[in-house]
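So this block is structure_28.cif, mmCIF, C-alpha atoms:
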```cif
data_start
#
loop_
_atom_site.group_PDB
_atom_site.id
_atom_site.type_symbol
_atom_site.label_atom_id
_atom_site.label_comp_id
_atom_site.auth_asym_id
_atom_site.auth_seq_id
_atom_site.Cartn_x
_atom_site.Cartn_y
_atom_site.Cartn_z
ATOM 1 C CA MET A 1 94.204 -104.601 -40.307
ATOM 2 C CA ILE A 2 95.101 -107.693 -38.265
ATOM 3 C CA ARG A 3 91.418 -108.057 -37.377
ATOM 4 C CA GLY A 4 90.479 -108.061 -41.073
ATOM 5 C CA ILE A 5 93.090 -110.678 -41.901
ATOM 6 C CA ALA A 6 92.005 -112.854 -38.974
ATOM 7 C CA GLY A 7 88.368 -112.496 -40.019
ATOM 8 C CA ARG A 8 89.080 -113.508 -43.603
ATOM 9 C CA TRP A 9 91.190 -116.438 -42.392
ATOM 10 C CA PHE A 10 88.336 -117.597 -40.139
ATOM 11 C CA VAL A 11 85.826 -117.416 -43.013
ATOM 12 C CA ALA A 12 88.216 -119.343 -45.286
ATOM 13 C CA VAL A 13 88.629 -122.087 -42.658
ATOM 14 C CA LEU A 14 84.850 -122.345 -42.184
ATOM 15 C CA ALA A 15 84.297 -122.549 -45.951
ATOM 16 C CA ALA A 16 86.926 -125.283 -46.322
ATOM 17 C CA ALA A 17 85.450 -127.233 -43.406
ATOM 18 C CA SER A 18 81.956 -127.095 -44.886
ATOM 19 C CA VAL A 19 83.220 -128.353 -48.251
ATOM 20 C CA LEU A 20 85.106 -131.216 -46.597
ATOM 21 C CA THR A 21 82.158 -132.126 -44.404
ATOM 22 C CA SER A 22 79.675 -132.093 -47.251
ATOM 23 C CA GLY A 23 82.059 -134.288 -49.250
ATOM 24 C CA CYS A 24 81.658 -137.099 -46.715
ATOM 25 C CA ALA A 25 77.971 -137.719 -47.429
ATOM 26 C CA TYR A 26 76.792 -138.997 -50.776
ATOM 27 C CA SER A 27 73.309 -139.360 -52.118
ATOM 28 C CA VAL A 28 72.680 -143.025 -52.881
ATOM 29 C CA ASP A 29 70.120 -144.334 -55.350
ATOM 30 C CA PRO A 30 69.588 -147.973 -54.327
ATOM 31 C CA ASP A 31 68.628 -148.848 -57.920
ATOM 32 C CA GLU A 32 72.130 -147.842 -59.063
ATOM 33 C CA LEU A 33 73.956 -150.001 -56.501
ATOM 34 C CA PRO A 34 73.861 -153.367 -58.308
ATOM 35 C CA GLY A 35 77.109 -154.048 -60.129
ATOM 36 C CA VAL A 36 80.651 -155.307 -59.792
ATOM 37 C CA TYR A 37 83.035 -153.364 -57.541
ATOM 38 C CA ARG A 38 86.792 -153.988 -57.360
ATOM 39 C CA ASN A 39 89.817 -152.806 -55.413
ATOM 40 C CA GLY A 40 92.733 -152.546 -57.867
ATOM 41 C CA LYS A 41 95.386 -152.849 -55.167
ATOM 42 C CA THR A 42 94.103 -155.984 -53.409
ATOM 43 C CA GLY A 43 92.164 -157.559 -56.285
ATOM 44 C CA GLY A 44 89.181 -157.951 -53.975
ATOM 45 C CA GLU A 45 85.792 -157.845 -55.644
ATOM 46 C CA ILE A 46 82.136 -157.719 -54.650
ATOM 47 C CA THR A 47 79.104 -158.183 -56.864
ATOM 48 C CA LEU A 48 75.803 -156.713 -55.704
ATOM 49 C CA ASP A 49 73.076 -158.403 -57.737
ATOM 50 C CA SER A 50 69.736 -156.729 -58.447
ATOM 51 C CA ASP A 51 67.914 -159.642 -56.758
ATOM 52 C CA GLY A 52 69.396 -158.638 -53.378
ATOM 53 C CA THR A 53 72.175 -161.230 -53.255
ATOM 54 C CA PHE A 54 75.924 -160.646 -53.296
ATOM 55 C CA THR A 55 79.158 -162.532 -53.793
ATOM 56 C CA ALA A 56 82.559 -161.372 -52.622
ATOM 57 C CA THR A 57 85.932 -162.765 -53.608
ATOM 58 C CA HIS A 58 89.289 -162.119 -51.992
ATOM 59 C CA LEU A 59 87.862 -159.550 -49.575
ATOM 60 C CA SER A 60 88.707 -158.866 -45.979
ATOM 61 C CA THR A 61 86.081 -157.761 -43.476
ATOM 62 C CA GLY A 62 88.664 -156.068 -41.266
ATOM 63 C CA GLU A 63 92.080 -154.461 -41.311
ATOM 64 C CA HIS A 64 93.890 -157.529 -39.943
ATOM 65 C CA ALA A 65 91.627 -160.258 -41.320
ATOM 66 C CA ASP A 66 92.786 -162.542 -44.096
ATOM 67 C CA PRO A 67 90.997 -162.194 -47.440
ATOM 68 C CA ASP A 68 88.079 -164.556 -47.863
ATOM 69 C CA ASP A 69 85.265 -165.412 -50.252
ATOM 70 C CA PHE A 70 81.714 -165.068 -48.964
ATOM 71 C CA HIS A 71 78.154 -164.562 -50.147
ATOM 72 C CA GLY A 72 74.705 -163.719 -48.872
ATOM 73 C CA LYS A 73 72.027 -161.072 -49.111
ATOM 74 C CA TRP A 74 72.391 -157.288 -49.263
ATOM 75 C CA ASP A 75 69.960 -154.525 -48.397
ATOM 76 C CA PHE A 76 70.183 -150.743 -48.612
ATOM 77 C CA VAL A 77 69.444 -149.146 -45.225
ATOM 78 C CA ASP A 78 68.111 -145.596 -45.513
ATOM 79 C CA ASN A 79 68.348 -143.956 -42.106
ATOM 80 C CA GLY A 80 67.009 -140.642 -43.340
ATOM 81 C CA THR A 81 70.369 -138.846 -43.407
ATOM 82 C CA LEU A 82 73.011 -139.237 -46.073
ATOM 83 C CA SER A 83 75.829 -139.878 -43.614
ATOM 84 C CA ASP A 84 73.938 -142.734 -41.909
ATOM 85 C CA ASP A 85 72.808 -144.634 -45.035
ATOM 86 C CA PHE A 86 74.634 -147.872 -45.822
ATOM 87 C CA VAL A 87 74.450 -151.232 -47.565
ATOM 88 C CA TYR A 88 74.111 -154.090 -45.088
ATOM 89 C CA LEU A 89 75.689 -157.379 -46.147
ATOM 90 C CA ASP A 90 74.161 -160.382 -44.376
ATOM 91 C CA ILE A 91 76.822 -163.064 -44.820
ATOM 92 C CA ASP A 92 75.546 -166.646 -45.197
ATOM 93 C CA GLU A 93 76.963 -169.601 -43.266
ATOM 94 C CA ARG A 94 78.815 -167.705 -40.551
ATOM 95 C CA GLY A 95 79.060 -169.264 -37.120
ATOM 96 C CA ILE A 96 79.423 -167.982 -33.594
ATOM 97 C CA GLY A 97 82.404 -165.683 -33.231
ATOM 98 C CA GLU A 98 82.568 -164.859 -36.949
ATOM 99 C CA VAL A 99 81.478 -161.638 -38.603
ATOM 100 C CA SER A 100 77.961 -162.269 -39.957
ATOM 101 C CA GLY A 101 77.045 -158.764 -41.092
ATOM 102 C CA VAL A 102 79.054 -155.936 -42.617
ATOM 103 C CA HIS A 103 78.310 -152.338 -43.590
ATOM 104 C CA LEU A 104 79.329 -150.816 -46.934
ATOM 105 C CA TYR A 105 79.259 -147.051 -47.330
ATOM 106 C CA ALA A 106 78.863 -145.058 -50.555
ATOM 107 C CA ARG A 107 81.804 -142.760 -51.248
ATOM 108 C CA GLY A 108 80.513 -141.156 -54.458
ATOM 109 C CA GLY A 109 81.800 -141.576 -57.980
ATOM 110 C CA GLY A 110 80.855 -145.267 -58.116
ATOM 111 C CA LYS A 111 82.861 -146.123 -55.001
ATOM 112 C CA ILE A 112 81.842 -148.121 -51.938
ATOM 113 C CA ALA A 113 83.910 -148.857 -48.840
ATOM 114 C CA PHE A 114 84.135 -151.263 -45.943
ATOM 115 C CA SER A 115 84.853 -149.152 -42.878
ATOM 116 C CA THR A 116 85.344 -149.738 -39.183
ATOM 117 C CA PRO A 117 83.004 -147.777 -36.895
ATOM 118 C CA ASP A 118 85.864 -145.564 -35.685
ATOM 119 C CA GLY A 119 86.960 -144.860 -39.269
ATOM 120 C CA SER A 120 90.476 -146.234 -38.710
ATOM 121 C CA TRP A 121 90.284 -148.661 -41.636
ATOM 122 C CA SER A 122 88.595 -148.555 -44.982
ATOM 123 C CA LEU A 123 88.803 -150.677 -48.118
ATOM 124 C CA VAL A 124 87.470 -148.747 -51.121
ATOM 125 C CA LEU A 125 86.105 -150.588 -54.156
ATOM 126 C CA THR A 126 85.226 -148.936 -57.460
ATOM 127 C CA LYS A 127 82.342 -149.953 -59.701
ATOM 128 C CA VAL A 128 83.641 -151.587 -62.867
ATOM 129 C CA SER A 129 80.352 -152.715 -64.429
ATOM 130 C CA ALA A 130 76.600 -152.578 -63.912
ATOM 131 C CA GLN A 131 74.714 -155.718 -62.953
#
```
Would you write the structure of this file as C-alpha cells?
Amino acid sequence: MIRGIAGRWFVAVLAAASVLTSGCAYSVDPDELPGVYRNGKTGGEITLDSDGTFTATHLSTGEHADPDDFHGKWDFVDNGTLSDDFVYLDIDERGIGEVSGVHLYARGGGKIAFSTPDGSWSLVLTKVSAQ
C-alpha cells in the first residue's frame, strides 16, 4: 500500500514539474511583437515598432538601475528552441561602461520581460495596444 501511494505521489510530482517547465517557454510569432507594452506598477513602457525600432520610457535595464528613457533597434532572435528565443534591443547612443544591448523574453499572454541571466530579477510588461 505504501508503495502504491509513493508511486502515485511520484507520478503527480513529475506531472506537475512537466506542466511548470512547459509553462516557461512560449511560442513567439515575431509579426505579433510590435505594440506598446507597459508595467502598471512602475509605469515603464516600451514600444516595439513594426519597422524594427523601439522607444522605452521610464524603464530600468537592471534591478538596481534608475529608470531611464532610451531608443534604438530591436530584432527577434530565433535560436531554434522556445526557451532560447528573445527580442534583442540594441540601444542607441550608449557609451563605454553602459548597457548597450538588452534581452526581452516572451512570457505568453501578451507579456514580455527584462530578465537577468540568473533569473534573479525580472520586469514584466503587458501589451496594451498593437503597433
Evaluate the PyMOL selection byres ((chain A and resi 92) around 6) here and jot the selected residues down as a PyMOL selection string. chain A and resi 71-72+91+93-94
If you apply the PyMOL selection byres ((chain A and resi 57-59) around 10) to this file, what residues do you get, as a ChimeraX atom specification? /A:38-39,42-47,55-56,60-62,65-71,114,123
The selected residues should be written to file as a compact mmCIF listing (two decimals), in the coordinates of the input (atoms: C-alpha atoms).
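The result, stored in again-v4.txt:
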```txt
# COMPACT_ATOMS: atom_id res chain seq x y z
CA ARG A 38 86.79 -153.99 -57.36
CA ASN A 39 89.82 -152.81 -55.41
CA THR A 42 94.10 -155.98 -53.41
CA GLY A 43 92.16 -157.56 -56.28
CA GLY A 44 89.18 -157.95 -53.98
CA GLU A 45 85.79 -157.84 -55.64
CA ILE A 46 82.14 -157.72 -54.65
CA THR A 47 79.10 -158.18 -56.86
CA THR A 55 79.16 -162.53 -53.79
CA ALA A 56 82.56 -161.37 -52.62
CA SER A 60 88.71 -158.87 -45.98
CA THR A 61 86.08 -157.76 -43.48
CA GLY A 62 88.66 -156.07 -41.27
CA ALA A 65 91.63 -160.26 -41.32
CA ASP A 66 92.79 -162.54 -44.10
CA PRO A 67 91.00 -162.19 -47.44
CA ASP A 68 88.08 -164.56 -47.86
CA ASP A 69 85.26 -165.41 -50.25
CA PHE A 70 81.71 -165.07 -48.96
CA HIS A 71 78.15 -164.56 -50.15
CA PHE A 114 84.14 -151.26 -45.94
CA LEU A 123 88.80 -150.68 -48.12
```
Kindly give the distance, in Å, that separates CA of Asp84 (chain A) and CA of Leu104 (chain A), rounded to a single decimal.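 Between CA of Asp84 (chain A) and CA of Leu104 (chain A) the gap is 10.9 Å.
Atom pair CA of Asn79 (chain A) / CA of Ala130 (chain A) has a distance of 24.9 Å (rounded to one decimal).
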Picked residues, the PyMOL selection byres ((chain A and resi 32) around 10), expected as a list in words: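 Output of the PyMOL selection byres ((chain A and resi 32) around 10): Val28, Asp29, Pro30, Asp31, Leu33, Pro34, Gly35, Ser50, Gly110, Ala130 and Gln131 of chain A.
Between CA of Thr53 (chain A) and CA of Phe86 (chain A) the separation is 15.5 Å.
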Residues within 8 Å of Gly52 (chain A), please, as a ChimeraX atom specification. Count all atoms listed in the file; anything in the same chain fewer than 5 positions from it doesn't count. /A:73-75
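Proximity of A:Gly109, A:Lys41, A:Phe54, A:Val128 to Tyr88 (chain A), computed with all atoms listed in the file, is greatest for A:Phe54.
For the residues A:Asp51, A:Ser27, A:Leu89, A:His64, ranking by smallest atom-to-atom distance to Phe76 (chain A) using only C-alpha atoms places A:Leu89 first.
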Output as lines of an AutoDock Vina configuration file the centre and edge lengths (Å, one decimal) of the box along x, y and z of the file that holds every listed atom of region 106-110 of chain A after adding 5 Å on each side.
```
center_x = 80.3
center_y = -143.2
center_z = -54.3
size_x = 12.9
size_y = 14.1
size_z = 17.6
```
